[in-house]
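Chemist: The structure under discussion is supplied below as structure tokens; questions concerning it will follow.
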Amino acid sequence: MCRRRSPLAGDAFHSPFPIPHSLRRSAAKGFTLFEVLASIALLGLLLLGVFSGLRTATQGVRSGTAMIERVDQVRSAQQFLRRELAQALAQPIGRDGEGGPVYFEGSARQMRYVAPLPGYLGKLGPQLQQLQLVEDGEGGWRLELSLALLPPDGQPPQALGEPQVLIDHVTDGSIEYRGEDRQGNPLPWAPAWADGRTLPQLVRVRLQTQGQVPWLPLEVPLRVEPMQGRTRLPRMGMRPGGAR
């Protein structure tokens, strides 16, 4: 008996539909090590370009956000100072050596006055406001505002919360004052206000800030004259409550 040979065994199998010799060779051929390494290198370059683009976009968004926040900080600080200084009141904050009332204290780095605050804080009545340039511990300065309540019984002022930072990252700054002498003659700008029994006519806040958002010199007129007990008219081309 003749045993039938399997068509799958050996090389004697001849298919009625033979596979072309070129296709059999290409199917048996795989990727070489060089091709794999080249593909990985190209993929790495592509991922590097995508990562670089994402990082650039992220830095652009952060830079734009930081600039917007800085512009808002500078604008808010100037608006606050303009409003509060224009509303300074002729209310004593202390006594001088002769026992007379002191309404205003000012130096190149610090200023103290009484003014009402807006919003819900205004319900507490006029408050002692202290504007001060303090060191930030990093070689620069920051402009801080401290508030204190004035008890009606004449007791010392009571601090209201922690000092609030109006603007930070300041490289240098000063506060200047201008007013009149007893004869009504205008005085030049001075780094300190000597006569606390009167309020200066103008207060100027100069700051040099870091970054691309500058602090424009702020000049604010004070409208109250405590010696006469009346509202002072704006002078020198200034608008009430405004700044040059």
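Labeling convention for the structure tokens: chains A, B, ... as they appear, residues from 1 per chain, ligands from 1 in order of appearance.
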Can you check which residues of range 46-221 of chain A DSSP gives as helix (DSSP H, G or I) on the backbone and send them as a VMD selection string?
Modeler: chain A and resid 46 to 86 119 to 124
Chemist: Please list as a ChimeraX atom specification every residue within 12 Å of range 156-166 of chain A, counting only C-alpha atoms and excluding residues in the same chain fewer than 5 positions away.
Modeler: /A:70,72-81,92-95,114,121,124,126-136,141-151
Chemist: For N, CA and C atoms, I'd like the residues from the last selection saved as a compact mmCIF listing (two decimals), in the first residue's frame.
Modeler:
# COMPACT_ATOMS: atom_id res chain seq x y z
N ARG A 70 0.53 92.63 37.09
CA ARG A 70 1.34 93.78 37.52
C ARG A 70 0.67 95.09 37.15
N ASP A 72 -2.52 95.59 36.86
CA ASP A 72 -3.64 95.75 37.79
C ASP A 72 -3.15 96.20 39.16
N GLN A 73 -2.02 95.66 39.61
CA GLN A 73 -1.49 96.06 40.91
C GLN A 73 -1.10 97.53 40.93
N VAL A 74 -0.39 97.97 39.91
CA VAL A 74 0.04 99.37 39.85
C VAL A 74 -1.17 100.29 39.74
N ARG A 75 -2.12 99.95 38.88
CA ARG A 75 -3.29 100.80 38.72
C ARG A 75 -4.12 100.86 40.00
N SER A 76 -4.31 99.73 40.66
CA SER A 76 -5.09 99.71 41.89
C SER A 76 -4.42 100.53 42.99
N ALA A 77 -3.09 100.41 43.10
CA ALA A 77 -2.37 101.17 44.12
C ALA A 77 -2.48 102.67 43.87
N GLN A 78 -2.35 103.09 42.62
CA GLN A 78 -2.45 104.52 42.33
C GLN A 78 -3.87 105.04 42.55
N GLN A 79 -4.85 104.27 42.16
CA GLN A 79 -6.23 104.70 42.39
C GLN A 79 -6.54 104.80 43.87
N PHE A 80 -6.07 103.85 44.65
CA PHE A 80 -6.31 103.89 46.09
C PHE A 80 -5.66 105.12 46.71
N LEU A 81 -4.39 105.36 46.41
CA LEU A 81 -3.70 106.50 47.00
C LEU A 81 -4.33 107.82 46.55
N PRO A 92 -7.03 115.12 64.33
CA PRO A 92 -5.71 114.97 64.98
C PRO A 92 -5.29 113.51 65.09
N ILE A 93 -3.99 113.30 64.86
CA ILE A 93 -3.41 111.97 65.02
C ILE A 93 -2.37 111.97 66.14
N GLY A 94 -2.17 113.11 66.78
CA GLY A 94 -1.22 113.21 67.88
C GLY A 94 -1.09 114.66 68.32
N ARG A 95 -0.10 114.92 69.18
CA ARG A 95 0.17 116.25 69.71
C ARG A 95 1.64 116.59 69.50
N VAL A 114 -5.31 110.77 58.30
CA VAL A 114 -6.62 110.19 58.59
C VAL A 114 -7.50 110.36 57.37
N LEU A 121 -15.33 98.76 55.15
CA LEU A 121 -14.41 99.31 56.13
C LEU A 121 -14.75 100.76 56.47
N LEU A 124 -16.58 101.71 59.77
CA LEU A 124 -15.86 101.83 61.04
C LEU A 124 -15.43 103.26 61.33
N PRO A 126 -13.55 107.15 60.14
CA PRO A 126 -12.22 107.51 59.65
C PRO A 126 -11.14 106.73 60.38
N GLN A 127 -10.10 106.38 59.64
CA GLN A 127 -9.05 105.55 60.19
C GLN A 127 -7.69 106.17 59.94
N LEU A 128 -6.79 105.89 60.86
CA LEU A 128 -5.42 106.34 60.71
C LEU A 128 -4.73 105.45 59.69
N GLN A 129 -4.24 106.05 58.63
CA GLN A 129 -3.57 105.30 57.57
C GLN A 129 -2.08 105.64 57.57
N GLN A 130 -1.28 104.61 57.52
CA GLN A 130 0.17 104.80 57.47
C GLN A 130 0.71 104.15 56.22
N LEU A 131 1.25 104.96 55.36
CA LEU A 131 1.87 104.50 54.12
C LEU A 131 3.37 104.47 54.33
N GLN A 132 4.00 103.33 54.04
CA GLN A 132 5.41 103.17 54.39
C GLN A 132 6.13 102.31 53.37
N LEU A 133 7.35 102.72 53.04
CA LEU A 133 8.25 101.92 52.22
C LEU A 133 9.13 101.09 53.16
N VAL A 134 9.01 99.77 53.05
CA VAL A 134 9.77 98.88 53.93
C VAL A 134 10.61 97.94 53.06
N GLU A 135 11.71 97.47 53.60
CA GLU A 135 12.58 96.55 52.88
C GLU A 135 11.93 95.18 52.80
N ASP A 136 12.09 94.53 51.66
CA ASP A 136 11.48 93.22 51.45
C ASP A 136 12.40 92.06 51.77
N TRP A 141 12.31 96.96 47.94
CA TRP A 141 11.34 97.60 48.82
C TRP A 141 9.93 97.18 48.41
N ARG A 142 9.01 97.43 49.31
CA ARG A 142 7.59 97.29 49.00
C ARG A 142 6.82 98.40 49.72
N LEU A 143 5.73 98.82 49.11
CA LEU A 143 4.90 99.88 49.67
C LEU A 143 3.75 99.25 50.43
N GLU A 144 3.71 99.49 51.74
CA GLU A 144 2.72 98.87 52.61
C GLU A 144 1.77 99.92 53.19
N LEU A 145 0.56 99.48 53.46
CA LEU A 145 -0.46 100.32 54.08
C LEU A 145 -0.91 99.66 55.37
N SER A 146 -0.83 100.41 56.47
CA SER A 146 -1.29 99.95 57.77
C SER A 146 -2.48 100.80 58.20
N LEU A 147 -3.49 100.16 58.77
CA LEU A 147 -4.70 100.85 59.20
C LEU A 147 -4.86 100.71 60.71
N ALA A 148 -5.43 101.73 61.32
CA ALA A 148 -5.67 101.72 62.76
C ALA A 148 -6.95 102.50 63.04
N LEU A 149 -7.73 101.99 63.99
CA LEU A 149 -8.95 102.67 64.42
C LEU A 149 -8.61 103.75 65.43
N LEU A 150 -9.34 104.86 65.35
CA LEU A 150 -9.15 105.97 66.28
C LEU A 150 -10.29 105.95 67.29
N PRO A 151 -10.04 105.49 68.52
CA PRO A 151 -11.12 105.46 69.53
C PRO A 151 -11.64 106.86 69.82
Chemist: Do a neighbour search on Gly173 in chain A at 12 Å with only C-alpha atoms, toss out local chain neighbours closer than 4 positions, and write the hits as a compact mmCIF listing (two decimals) with N, CA and C atoms, in the first residue's frame.
Modeler:
# COMPACT_ATOMS: atom_id res chain seq x y z
N SER A 107 7.46 111.82 55.92
CA SER A 107 8.90 111.78 55.68
C SER A 107 9.12 111.15 54.31
N ALA A 108 10.37 110.93 53.97
CA ALA A 108 10.68 110.40 52.64
C ALA A 108 10.21 108.96 52.47
N ARG A 109 10.06 108.21 53.56
CA ARG A 109 9.70 106.80 53.48
C ARG A 109 8.37 106.48 54.16
N GLN A 110 7.75 107.45 54.80
CA GLN A 110 6.56 107.16 55.59
C GLN A 110 5.63 108.35 55.62
N GLN A 132 4.00 103.33 54.04
CA GLN A 132 5.41 103.17 54.39
C GLN A 132 6.13 102.31 53.37
N LEU A 133 7.35 102.72 53.04
CA LEU A 133 8.25 101.92 52.22
C LEU A 133 9.13 101.09 53.16
N VAL A 134 9.01 99.77 53.05
CA VAL A 134 9.77 98.88 53.93
C VAL A 134 10.61 97.94 53.06
N GLU A 135 11.71 97.47 53.60
CA GLU A 135 12.58 96.55 52.88
C GLU A 135 11.93 95.18 52.80
N GLY A 140 15.29 94.87 47.90
CA GLY A 140 14.34 95.83 47.34
C GLY A 140 13.40 96.37 48.41
N TRP A 141 12.31 96.96 47.94
CA TRP A 141 11.34 97.60 48.82
C TRP A 141 9.93 97.18 48.41
N ARG A 142 9.01 97.43 49.31
CA ARG A 142 7.59 97.29 49.00
C ARG A 142 6.82 98.40 49.72
N LEU A 143 5.73 98.82 49.11
CA LEU A 143 4.90 99.88 49.67
C LEU A 143 3.75 99.25 50.43
N ILE A 167 2.14 97.57 46.58
CA ILE A 167 2.95 97.23 45.42
C ILE A 167 4.31 96.73 45.91
N ASP A 168 4.81 95.69 45.28
CA ASP A 168 6.09 95.11 45.66
C ASP A 168 7.08 95.22 44.51
N HIS A 169 8.26 94.62 44.69
CA HIS A 169 9.33 94.66 43.70
C HIS A 169 9.69 96.11 43.32
N PRO A 191 11.43 116.52 51.03
CA PRO A 191 11.33 115.10 51.38
C PRO A 191 10.67 114.85 52.72
N ARG A 204 3.51 113.79 46.51
CA ARG A 204 4.02 113.07 45.34
C ARG A 204 4.69 111.78 45.78
N VAL A 205 4.30 110.68 45.14
CA VAL A 205 4.87 109.36 45.42
C VAL A 205 5.64 108.92 44.19
N ARG A 206 6.94 108.74 44.38
CA ARG A 206 7.82 108.30 43.29
C ARG A 206 8.34 106.90 43.62
N LEU A 207 8.21 106.00 42.65
CA LEU A 207 8.70 104.65 42.82
C LEU A 207 9.40 104.19 41.55
N GLN A 208 10.45 103.43 41.73
CA GLN A 208 11.12 102.75 40.63
C GLN A 208 10.86 101.26 40.79
N THR A 209 10.16 100.68 39.84
CA THR A 209 9.73 99.30 39.96
C THR A 209 10.49 98.41 38.97
N GLN A 210 10.53 97.13 39.28
CA GLN A 210 11.13 96.16 38.39
C GLN A 210 10.14 95.75 37.32
N TRP A 215 6.01 102.75 37.21
CA TRP A 215 5.17 103.51 38.13
C TRP A 215 5.33 104.98 37.75
N LEU A 216 4.29 105.57 37.21
CA LEU A 216 4.35 106.98 36.85
C LEU A 216 4.26 107.83 38.12
N PRO A 217 5.03 108.93 38.21
CA PRO A 217 4.97 109.78 39.41
C PRO A 217 3.54 110.21 39.69
N LEU A 218 3.12 110.01 40.93
CA LEU A 218 1.74 110.29 41.34
C LEU A 218 1.71 111.55 42.19
Chemist: Identify, on the basis of only C-alpha atoms, every residue whose closest approach to Arg197 in chain A does not exceed 7 Å; exclude the query and any residue fewer than 5 positions from it along the same chain; express the result as a list of chain:residue names.
Modeler: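 Within the cut-off, the hits are A:Pro101, A:Val102, A:Tyr103.
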Chemist: How would the residues just picked look written out with C-alpha atoms as a tab-separated table (two decimals), in the first residue's frame?
Modeler:
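The resulting file, result-v9.tsv, is shown below:
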chain	number	residue	atom	x	y	z
A	101	PRO	CA	-2.89	118.94	67.40
A	102	VAL	CA	-0.92	117.16	64.67
A	103	TYR	CA	-2.94	116.38	61.55
Chemist: What's around Gly196 in chain A at 8 Å? Count only C-alpha atoms, leave out sequence neighbours fewer than 2 positions away in its own chain, and write the answer as a ChimeraX atom specification.
Modeler: /A:96,101-105,193-194,198-199
Chemist: Dump N, CA and C atoms for the selected residues as a PDB file, in the first residue's frame?
Modeler:
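Contents of the output file again-v8.pdb:
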ATOM      1  N   ASP A  96       1.891 117.872  69.259  1.00  0.00           N
ATOM      2  CA  ASP A  96       3.270 118.311  69.109  1.00  0.00           C
ATOM      3  C   ASP A  96       3.855 118.661  70.471  1.00  0.00           C
ATOM      4  N   PRO A 101      -2.532 120.136  68.168  1.00  0.00           N
ATOM      5  CA  PRO A 101      -2.886 118.942  67.396  1.00  0.00           C
ATOM      6  C   PRO A 101      -1.991 118.769  66.174  1.00  0.00           C
ATOM      7  N   VAL A 102      -1.674 117.522  65.867  1.00  0.00           N
ATOM      8  CA  VAL A 102      -0.922 117.162  64.668  1.00  0.00           C
ATOM      9  C   VAL A 102      -1.877 116.431  63.737  1.00  0.00           C
ATOM     10  N   TYR A 103      -2.000 116.941  62.523  1.00  0.00           N
ATOM     11  CA  TYR A 103      -2.937 116.376  61.553  1.00  0.00           C
ATOM     12  C   TYR A 103      -2.257 115.506  60.491  1.00  0.00           C
ATOM     13  N   PHE A 104      -0.962 115.725  60.328  1.00  0.00           N
ATOM     14  CA  PHE A 104      -0.282 115.043  59.221  1.00  0.00           C
ATOM     15  C   PHE A 104       1.178 114.860  59.586  1.00  0.00           C
ATOM     16  N   GLU A 105       1.719 113.681  59.276  1.00  0.00           N
ATOM     17  CA  GLU A 105       3.130 113.404  59.452  1.00  0.00           C
ATOM     18  C   GLU A 105       3.669 112.799  58.161  1.00  0.00           C
ATOM     19  N   TRP A 193       7.569 116.646  55.696  1.00  0.00           N
ATOM     20  CA  TRP A 193       6.599 117.695  56.022  1.00  0.00           C
ATOM     21  C   TRP A 193       6.812 118.076  57.478  1.00  0.00           C
ATOM     22  N   ALA A 194       7.293 119.293  57.691  1.00  0.00           N
ATOM     23  CA  ALA A 194       7.730 119.703  59.025  1.00  0.00           C
ATOM     24  C   ALA A 194       6.581 120.153  59.913  1.00  0.00           C
ATOM     25  N   THR A 198      -0.613 121.598  59.811  1.00  0.00           N
ATOM     26  CA  THR A 198      -1.253 121.839  58.520  1.00  0.00           C
ATOM     27  C   THR A 198      -1.062 120.615  57.642  1.00  0.00           C
ATOM     28  N   LEU A 199      -1.858 120.542  56.605  1.00  0.00           N
ATOM     29  CA  LEU A 199      -1.721 119.477  55.617  1.00  0.00           C
ATOM     30  C   LEU A 199      -1.027 120.035  54.386  1.00  0.00           C
TER      31      LEU A 199
END
Chemist: Taking only C-alpha atoms into account, which of A:Pro186, A:Gln87, A:Asp153, A:Pro118 comes nearest Arg223 in chain A?
Modeler: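 Smallest distance to Arg223 in chain A is found for A:Gln87.
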Chemist: Could you please determine the separation between CA of Leu222 in chain A and CA of Tyr177 in chain A in Å, to one decimal place?
Modeler: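 These atoms are spaced 10.6 Å apart.
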Chemist: Using only C-alpha atoms, determine which residues lie at most 12 Å from Arg182 in chain A, disregarding the query and same-chain residues fewer than 2 positions distant; provide the list as a PyMOL selection string.
Modeler: chain A and resi 179-180+184-187+195+197-198+227
Chemist: Can you check which residues of range 137-236 of chain A DSSP gives as strand (DSSP E or B) on the backbone and send them as an MDAnalysis selection string?
Modeler: chainID A and resid 141:149 158:159 164:178 180 186 190 193 202:209 218:221 224:225 230:231
Chemist: Write the selection just made, keeping C-alpha atoms, as a JSON list (two decimals), in the first residue's frame?
Modeler:
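What ended up in part_29.json:
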[["chain", "number", "residue", "atom", "x", "y", "z"],
["A", 141, "TRP", "CA", 11.34, 97.60, 48.82],
["A", 142, "ARG", "CA", 7.59, 97.29, 49.00],
["A", 143, "LEU", "CA", 4.90, 99.88, 49.67],
["A", 144, "GLU", "CA", 2.72, 98.87, 52.61],
["A", 145, "LEU", "CA", -0.46, 100.32, 54.08],
["A", 146, "SER", "CA", -1.29, 99.95, 57.77],
["A", 147, "LEU", "CA", -4.70, 100.85, 59.20],
["A", 148, "ALA", "CA", -5.67, 101.72, 62.76],
["A", 149, "LEU", "CA", -8.95, 102.67, 64.42],
["A", 158, "GLN", "CA", -5.84, 100.30, 67.60],
["A", 159, "ALA", "CA", -4.20, 98.40, 64.74],
["A", 164, "GLN", "CA", -1.32, 95.30, 53.30],
["A", 165, "VAL", "CA", 1.13, 95.38, 50.40],
["A", 166, "LEU", "CA", 0.06, 97.90, 47.78],
["A", 167, "ILE", "CA", 2.95, 97.23, 45.42],
["A", 168, "ASP", "CA", 6.09, 95.11, 45.66],
["A", 169, "HIS", "CA", 9.33, 94.66, 43.70],
["A", 170, "VAL", "CA", 10.33, 98.30, 44.18],
["A", 171, "THR", "CA", 14.00, 99.15, 43.64],
["A", 172, "ASP", "CA", 13.81, 102.69, 45.05],
["A", 173, "GLY", "CA", 11.23, 105.26, 46.02],
["A", 174, "SER", "CA", 10.42, 108.38, 47.98],
["A", 175, "ILE", "CA", 7.52, 110.55, 49.12],
["A", 176, "GLU", "CA", 7.64, 114.33, 48.66],
["A", 177, "TYR", "CA", 5.45, 117.18, 49.88],
["A", 178, "ARG", "CA", 4.62, 120.69, 48.80],
["A", 180, "GLU", "CA", 2.67, 127.09, 51.53],
["A", 186, "PRO", "CA", 4.41, 128.34, 47.71],
["A", 190, "ALA", "CA", 10.52, 118.66, 50.21],
["A", 193, "TRP", "CA", 6.60, 117.70, 56.02],
["A", 202, "LEU", "CA", 0.37, 118.24, 47.21],
["A", 203, "VAL", "CA", 1.83, 114.81, 47.90],
["A", 204, "ARG", "CA", 4.02, 113.07, 45.34],
["A", 205, "VAL", "CA", 4.87, 109.36, 45.42],
["A", 206, "ARG", "CA", 7.82, 108.30, 43.29],
["A", 207, "LEU", "CA", 8.70, 104.65, 42.82],
["A", 208, "GLN", "CA", 11.12, 102.75, 40.63],
["A", 209, "THR", "CA", 9.73, 99.30, 39.96],
["A", 218, "LEU", "CA", 1.74, 110.29, 41.34],
["A", 219, "GLU", "CA", 0.84, 113.81, 42.47],
["A", 220, "VAL", "CA", -2.32, 114.18, 44.54],
["A", 221, "PRO", "CA", -3.80, 117.40, 45.98],
["A", 224, "VAL", "CA", -8.64, 120.12, 53.45],
["A", 225, "GLU", "CA", -6.91, 122.96, 55.26],
["A", 230, "ARG", "CA", -12.48, 124.60, 55.08],
["A", 231, "THR", "CA", -12.01, 122.78, 51.81]]
Chemist: Which value, in Å to one decimal, gives the distance between CA of Glu138 in chain A and CA of Glu84 in chain A?
Modeler: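 Those two atoms sit 29.2 Å apart.
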Chemist: Name all residues at most 12 Å from range 61-64 of chain A (count only C-alpha atoms; drop same-chain ones fewer than 6 positions away) and give them as JSON, numbers by chain.
Modeler: {"A": [54, 55, 70, 71, 211, 212, 213]}
Chemist: One number please: CA of Gly49 in chain A to CA of Leu33 in chain A, in Å, one decimal.
Modeler: 24.5 Å
